[in-house]
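Content type JSON, C-alpha atoms, from the file work39.json:
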[["chain", "number", "residue", "atom", "x", "y", "z"],
["A", 28, "MET", "CA", -0.62, -8.60, 22.89],
["A", 29, "LEU", "CA", 0.98, -6.28, 20.33],
["A", 30, "ASP", "CA", -0.73, -3.27, 21.93],
["A", 31, "LYS", "CA", 1.93, -3.07, 24.62],
["A", 32, "HIS", "CA", 4.60, -2.55, 21.96],
["A", 33, "MET", "CA", 2.71, 0.01, 19.91],
["A", 34, "LYS", "CA", 3.29, 3.66, 20.60],
["A", 35, "TYR", "CA", 0.06, 4.71, 18.82],
["A", 36, "PRO", "CA", -2.29, 1.68, 18.93],
["A", 37, "GLN", "CA", -5.38, 3.72, 18.00],
["A", 38, "TRP", "CA", -4.31, 3.82, 14.36],
["A", 39, "GLN", "CA", -1.38, 1.38, 14.29],
["A", 40, "LYS", "CA", -3.59, -1.68, 14.91],
["A", 41, "PRO", "CA", -5.66, -1.25, 11.73],
["A", 42, "TYR", "CA", -2.55, -0.14, 9.83],
["A", 43, "LEU", "CA", -0.62, -3.29, 10.77],
["A", 44, "ALA", "CA", -3.67, -5.45, 10.03],
["A", 45, "ALA", "CA", -3.69, -4.05, 6.48],
["A", 46, "LEU", "CA", 0.05, -4.56, 6.05],
["A", 47, "MET", "CA", -0.16, -8.17, 7.21],
["A", 48, "GLU", "CA", -3.24, -9.13, 5.17],
["A", 49, "VAL", "CA", -2.39, -11.86, 2.66],
["A", 50, "LYS", "CA", -5.86, -12.43, 1.18],
["A", 51, "HIS", "CA", -6.32, -9.98, -1.67],
["A", 52, "GLU", "CA", -10.12, -10.10, -1.36],
["A", 53, "GLU", "CA", -9.86, -8.82, 2.24],
["A", 54, "LEU", "CA", -7.09, -6.31, 1.64],
["A", 55, "GLY", "CA", -9.31, -3.50, 0.34],
["A", 56, "ALA", "CA", -11.45, -3.40, 3.48],
["A", 57, "LYS", "CA", -8.44, -3.46, 5.77],
["A", 58, "VAL", "CA", -6.67, -0.72, 3.83],
["A", 59, "ALA", "CA", -9.84, 1.40, 3.97],
["A", 60, "ALA", "CA", -10.13, 0.90, 7.74],
["A", 61, "ALA", "CA", -6.46, 1.79, 8.22],
["A", 62, "GLU", "CA", -6.78, 4.88, 6.01],
["A", 63, "ALA", "CA", -9.80, 6.00, 8.02],
["A", 64, "ALA", "CA", -7.93, 5.56, 11.32],
["A", 65, "VAL", "CA", -4.85, 7.41, 10.01],
["A", 66, "SER", "CA", -7.01, 10.20, 8.59],
["A", 67, "GLN", "CA", -9.00, 10.56, 11.81],
["A", 68, "ARG", "CA", -5.87, 10.80, 13.93],
["A", 69, "THR", "CA", -4.31, 13.30, 11.51],
["A", 70, "ARG", "CA", -7.41, 15.51, 11.87],
["A", 71, "GLU", "CA", -7.23, 15.19, 15.66],
["A", 72, "LEU", "CA", -3.60, 16.28, 15.69],
["A", 73, "ALA", "CA", -4.45, 19.34, 13.59],
["A", 74, "THR", "CA", -6.48, 20.76, 16.49],
["A", 75, "THR", "CA", -4.16, 19.89, 19.37],
["A", 76, "ALA", "CA", -0.52, 20.22, 20.31],
["A", 77, "TRP", "CA", 0.89, 17.38, 18.28],
["A", 78, "ASP", "CA", 3.82, 15.06, 18.58],
["A", 79, "ILE", "CA", 6.27, 15.34, 15.67],
["A", 80, "ASP", "CA", 7.12, 11.64, 15.92],
["A", 81, "GLU", "CA", 3.48, 10.66, 15.54],
["A", 82, "HIS", "CA", 3.02, 13.15, 12.71],
["A", 83, "LEU", "CA", 5.93, 11.58, 10.80],
["A", 84, "ALA", "CA", 4.67, 8.05, 11.54],
["A", 85, "LEU", "CA", 1.20, 8.99, 10.24],
["A", 86, "ARG", "CA", 2.71, 10.46, 7.08],
["A", 87, "ASP", "CA", 4.72, 7.28, 6.48],
["A", 88, "ALA", "CA", 1.69, 5.08, 7.17],
["A", 89, "ALA", "CA", -0.47, 7.05, 4.73],
["A", 90, "SER", "CA", 2.22, 6.72, 2.07],
["A", 91, "SER", "CA", 2.59, 2.98, 2.65],
["A", 92, "LEU", "CA", -1.17, 2.46, 2.48],
["A", 93, "HIS", "CA", -1.30, 4.35, -0.82],
["A", 94, "VAL", "CA", 1.37, 2.06, -2.28],
["A", 95, "LEU", "CA", -0.34, -1.04, -0.89],
["A", 96, "LYS", "CA", -3.69, 0.03, -2.35],
["A", 97, "SER", "CA", -2.26, 0.74, -5.78],
["A", 98, "LYS", "CA", -0.26, -2.50, -6.04],
["A", 99, "PRO", "CA", -1.94, -5.01, -8.38],
["A", 100, "ALA", "CA", -2.82, -8.43, -7.03],
["A", 101, "GLU", "CA", -0.21, -11.13, -7.58],
["A", 102, "ARG", "CA", -1.43, -14.42, -8.96]]
If you took the structure in this file and wrote it as structure tokens, what would it be?
Amino acid sequence: MLDKHMKYPQWQKPYLAALMEVKHEELGAKVAAAEAAVSQRTRELATTAWDIDEHLALRDAASSLHVLKSKPAER
């Protein structure tokens, strides 16, 4: 359903799943999956003609995931 509205669903799906996770005990796994997807796509773009928009979106996603991962759990 959301796939139609995503420009880069290959890595945006796990990224959005991590951003929307509300259960702290599941957040770590979702962040790790999103980081892996972002990292994989970044490596792929390094060997091909890449899209500047996707490059910037990947950079922003990686930064957001870093902040999300380092944020302590709220109680």
Neighbour list for A:Arg68 as a PyMOL selection string, cut-off 12 Å, only C-alpha atoms, skip fewer than 5 positions in-chain: chain A and resi 35-39+61-63+73-75+77-78+81-82+84-86+88-89
A:Lys57 environment, 8 Å, all atoms listed in the file, sequence neighbours closer than 5 positions dropped, as a compact mmCIF listing (two decimals) with C-alpha atoms, keeping the file's coordinate frame:
# COMPACT_ATOMS: atom_id res chain seq x y z
CA PRO A 41 -5.66 -1.25 11.73
CA TYR A 42 -2.55 -0.14 9.83
CA ALA A 44 -3.67 -5.45 10.03
CA ALA A 45 -3.69 -4.05 6.48
CA GLU A 48 -3.24 -9.13 5.17
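If all atoms listed in the file are the atoms counted, then among A:Asp80, A:Ala64, A:Arg70, A:Lys98 the closest residue to A:Lys34 is A:Asp80.
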Nearest residue to A:His93 from the set A:Val58, A:Ala76, A:Gln67, A:Met33 (distances using only C-alpha atoms): A:Val58
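Going from atom CA of A:Leu92 to atom CA of A:Val49 covers 14.4 Å.
For the choices A:Leu46, A:Asp87, A:Leu54, A:Lys40, the atom-to-atom distance to A:Thr69 is smallest for A:Asp87 when using only C-alpha atoms.
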Å distance separating atom CA of A:Leu43 from atom CA of A:Ser66, one decimal place: 15.1 Å
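Atom to atom, atom CA of A:His32 and atom CA of A:His51 stand 27.1 Å apart.
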